[in-house]
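What follows is a single structure, written as structure tokens, with notes after it.
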Amino acid sequence: RGLNLVANDILHYITPILFLAYWWFYFPKGALRWSYPFVWGLYPGAYLIYALARGSIIGSYPYGFIDPRAIGYQRTMINAVGLLVAFFVIGLILTALGRIQRRASA
């Protein structure tokens, strides 16, 4: 509600769209390598480990889809692997688009 809803919407909807626009128009695409999506996946993987460890200590998880108390560890891991795969696939798509844009501008 209120400002929390505004902050949540900005964080989860507006920021990704603005970042993609920035990346498309201003980021030099020649530096993108096919190995980068693997590196980009390290942050969400590390965050998952942190969130699960912290959640087990304080008894609260930041997202319902990684709350093993509510959905069990099996569903939590399925959700986590699904998200990591999605991040990786999006990274590959962005790398491919960057390479296409680089060729088109050359």
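Chain labels follow the order of the structure tokens: the first chain is A, the next B, and so on; residue numbering restarts at 1 in every chain, and ligands are counted from 1 in their shown order.
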
Surrounding residues of segment 81-96 of chain A excluding itself and chain neighbours under 4 positions, 8 Å, only C-alpha atoms, as a list in words: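 The neighbour list is Leu32, Arg33, Trp34, Tyr36, Pro37, Phe38, Trp40, Gly41, Pro44, Gly45, Met77 and Ile100 of chain A.
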
Which polymer residues have any atom within 12 Å of an atom of segment 58-67 of chain A, counting only C-alpha atoms, with same-chain residues fewer than 3 positions away left out, as a PDB file with N, CA, C and O atoms, in the first residue's frame?
ATOM      1  N   TYR A  47      22.315 -14.184  -4.000  1.00  0.00           N
ATOM      2  CA  TYR A  47      21.189 -13.603  -3.263  1.00  0.00           C
ATOM      3  C   TYR A  47      20.267 -14.696  -2.731  1.00  0.00           C
ATOM      4  O   TYR A  47      19.776 -14.603  -1.604  1.00  0.00           O
ATOM      5  N   LEU A  48      20.041 -15.728  -3.509  1.00  0.00           N
ATOM      6  CA  LEU A  48      19.201 -16.830  -3.058  1.00  0.00           C
ATOM      7  C   LEU A  48      19.796 -17.479  -1.809  1.00  0.00           C
ATOM      8  O   LEU A  48      19.090 -17.707  -0.821  1.00  0.00           O
ATOM      9  N   ILE A  49      21.084 -17.761  -1.856  1.00  0.00           N
ATOM     10  CA  ILE A  49      21.749 -18.370  -0.697  1.00  0.00           C
ATOM     11  C   ILE A  49      21.622 -17.459   0.524  1.00  0.00           C
ATOM     12  O   ILE A  49      21.281 -17.908   1.622  1.00  0.00           O
ATOM     13  N   TYR A  50      21.878 -16.167   0.325  1.00  0.00           N
ATOM     14  CA  TYR A  50      21.758 -15.199   1.415  1.00  0.00           C
ATOM     15  C   TYR A  50      20.331 -15.160   1.954  1.00  0.00           C
ATOM     16  O   TYR A  50      20.111 -15.208   3.174  1.00  0.00           O
ATOM     17  N   ALA A  51      19.340 -15.072   1.063  1.00  0.00           N
ATOM     18  CA  ALA A  51      17.945 -14.955   1.491  1.00  0.00           C
ATOM     19  C   ALA A  51      17.491 -16.198   2.254  1.00  0.00           C
ATOM     20  O   ALA A  51      16.770 -16.097   3.253  1.00  0.00           O
ATOM     21  N   LEU A  52      17.915 -17.374   1.802  1.00  0.00           N
ATOM     22  CA  LEU A  52      17.534 -18.606   2.495  1.00  0.00           C
ATOM     23  C   LEU A  52      18.210 -18.712   3.858  1.00  0.00           C
ATOM     24  O   LEU A  52      17.577 -19.101   4.849  1.00  0.00           O
ATOM     25  N   ALA A  53      19.494 -18.350   3.916  1.00  0.00           N
ATOM     26  CA  ALA A  53      20.212 -18.395   5.197  1.00  0.00           C
ATOM     27  C   ALA A  53      19.621 -17.379   6.172  1.00  0.00           C
ATOM     28  O   ALA A  53      19.340 -17.705   7.334  1.00  0.00           O
ATOM     29  N   ARG A  54      19.422 -16.166   5.709  1.00  0.00           N
ATOM     30  CA  ARG A  54      18.858 -15.121   6.566  1.00  0.00           C
ATOM     31  C   ARG A  54      17.452 -15.487   7.003  1.00  0.00           C
ATOM     32  O   ARG A  54      17.083 -15.310   8.162  1.00  0.00           O
ATOM     33  N   GLY A  55      16.657 -15.997   6.068  1.00  0.00           N
ATOM     34  CA  GLY A  55      15.286 -16.383   6.397  1.00  0.00           C
ATOM     35  C   GLY A  55      15.215 -17.466   7.453  1.00  0.00           C
ATOM     36  O   GLY A  55      14.347 -17.436   8.328  1.00  0.00           O
ATOM     37  N   ALA A  70       6.554 -22.060   3.792  1.00  0.00           N
ATOM     38  CA  ALA A  70       5.210 -22.028   3.197  1.00  0.00           C
ATOM     39  C   ALA A  70       5.049 -23.025   2.065  1.00  0.00           C
ATOM     40  O   ALA A  70       3.979 -23.617   1.909  1.00  0.00           O
ATOM     41  N   ILE A  71       6.107 -23.227   1.265  1.00  0.00           N
ATOM     42  CA  ILE A  71       5.960 -24.063   0.061  1.00  0.00           C
ATOM     43  C   ILE A  71       6.865 -25.284   0.053  1.00  0.00           C
ATOM     44  O   ILE A  71       6.802 -26.080  -0.874  1.00  0.00           O
ATOM     45  N   GLY A  72       7.726 -25.418   1.030  1.00  0.00           N
ATOM     46  CA  GLY A  72       8.636 -26.559   1.102  1.00  0.00           C
ATOM     47  C   GLY A  72       9.927 -26.306   0.325  1.00  0.00           C
ATOM     48  O   GLY A  72       9.971 -25.465  -0.579  1.00  0.00           O
ATOM     49  N   TYR A  73      10.962 -27.037   0.701  1.00  0.00           N
ATOM     50  CA  TYR A  73      12.261 -26.842   0.068  1.00  0.00           C
ATOM     51  C   TYR A  73      12.286 -27.312  -1.389  1.00  0.00           C
ATOM     52  O   TYR A  73      12.963 -26.717  -2.221  1.00  0.00           O
ATOM     53  N   GLN A  74      11.545 -28.360  -1.696  1.00  0.00           N
ATOM     54  CA  GLN A  74      11.540 -28.839  -3.075  1.00  0.00           C
ATOM     55  C   GLN A  74      10.972 -27.776  -4.015  1.00  0.00           C
ATOM     56  O   GLN A  74      11.575 -27.449  -5.042  1.00  0.00           O
ATOM     57  N   ARG A  75       9.817 -27.195  -3.683  1.00  0.00           N
ATOM     58  CA  ARG A  75       9.213 -26.156  -4.520  1.00  0.00           C
ATOM     59  C   ARG A  75      10.097 -24.906  -4.532  1.00  0.00           C
ATOM     60  O   ARG A  75      10.246 -24.259  -5.554  1.00  0.00           O
ATOM     61  N   THR A  76      10.720 -24.582  -3.398  1.00  0.00           N
ATOM     62  CA  THR A  76      11.624 -23.430  -3.341  1.00  0.00           C
ATOM     63  C   THR A  76      12.776 -23.617  -4.317  1.00  0.00           C
ATOM     64  O   THR A  76      13.128 -22.689  -5.065  1.00  0.00           O
ATOM     65  N   MET A  77      13.366 -24.803  -4.348  1.00  0.00           N
ATOM     66  CA  MET A  77      14.495 -25.059  -5.253  1.00  0.00           C
ATOM     67  C   MET A  77      14.037 -25.085  -6.714  1.00  0.00           C
ATOM     68  O   MET A  77      14.755 -24.585  -7.591  1.00  0.00           O
ATOM     69  N   ILE A  78      12.863 -25.620  -6.972  1.00  0.00           N
ATOM     70  CA  ILE A  78      12.329 -25.599  -8.341  1.00  0.00           C
ATOM     71  C   ILE A  78      12.145 -24.153  -8.796  1.00  0.00           C
ATOM     72  O   ILE A  78      12.538 -23.783  -9.913  1.00  0.00           O
ATOM     73  N   ASN A  79      11.558 -23.333  -7.932  1.00  0.00           N
ATOM     74  CA  ASN A  79      11.381 -21.917  -8.254  1.00  0.00           C
ATOM     75  C   ASN A  79      12.725 -21.222  -8.474  1.00  0.00           C
ATOM     76  O   ASN A  79      12.885 -20.438  -9.411  1.00  0.00           O
ATOM     77  N   ALA A  80      13.687 -21.499  -7.602  1.00  0.00           N
ATOM     78  CA  ALA A  80      14.994 -20.852  -7.701  1.00  0.00           C
ATOM     79  C   ALA A  80      15.719 -21.248  -8.984  1.00  0.00           C
ATOM     80  O   ALA A  80      16.264 -20.391  -9.688  1.00  0.00           O
ATOM     81  N   VAL A  81      15.714 -22.536  -9.300  1.00  0.00           N
ATOM     82  CA  VAL A  81      16.371 -22.987 -10.533  1.00  0.00           C
ATOM     83  C   VAL A  81      15.659 -22.399 -11.747  1.00  0.00           C
ATOM     84  O   VAL A  81      16.310 -21.960 -12.702  1.00  0.00           O
ATOM     85  N   GLY A  82      14.338 -22.352 -11.707  1.00  0.00           N
ATOM     86  CA  GLY A  82      13.582 -21.748 -12.807  1.00  0.00           C
ATOM     87  C   GLY A  82      13.960 -20.289 -13.020  1.00  0.00           C
ATOM     88  O   GLY A  82      14.142 -19.843 -14.158  1.00  0.00           O
ATOM     89  N   LEU A  83      14.092 -19.545 -11.940  1.00  0.00           N
ATOM     90  CA  LEU A  83      14.493 -18.143 -12.055  1.00  0.00           C
ATOM     91  C   LEU A  83      15.913 -18.004 -12.582  1.00  0.00           C
ATOM     92  O   LEU A  83      16.196 -17.136 -13.411  1.00  0.00           O
TER      93      LEU A  83
END
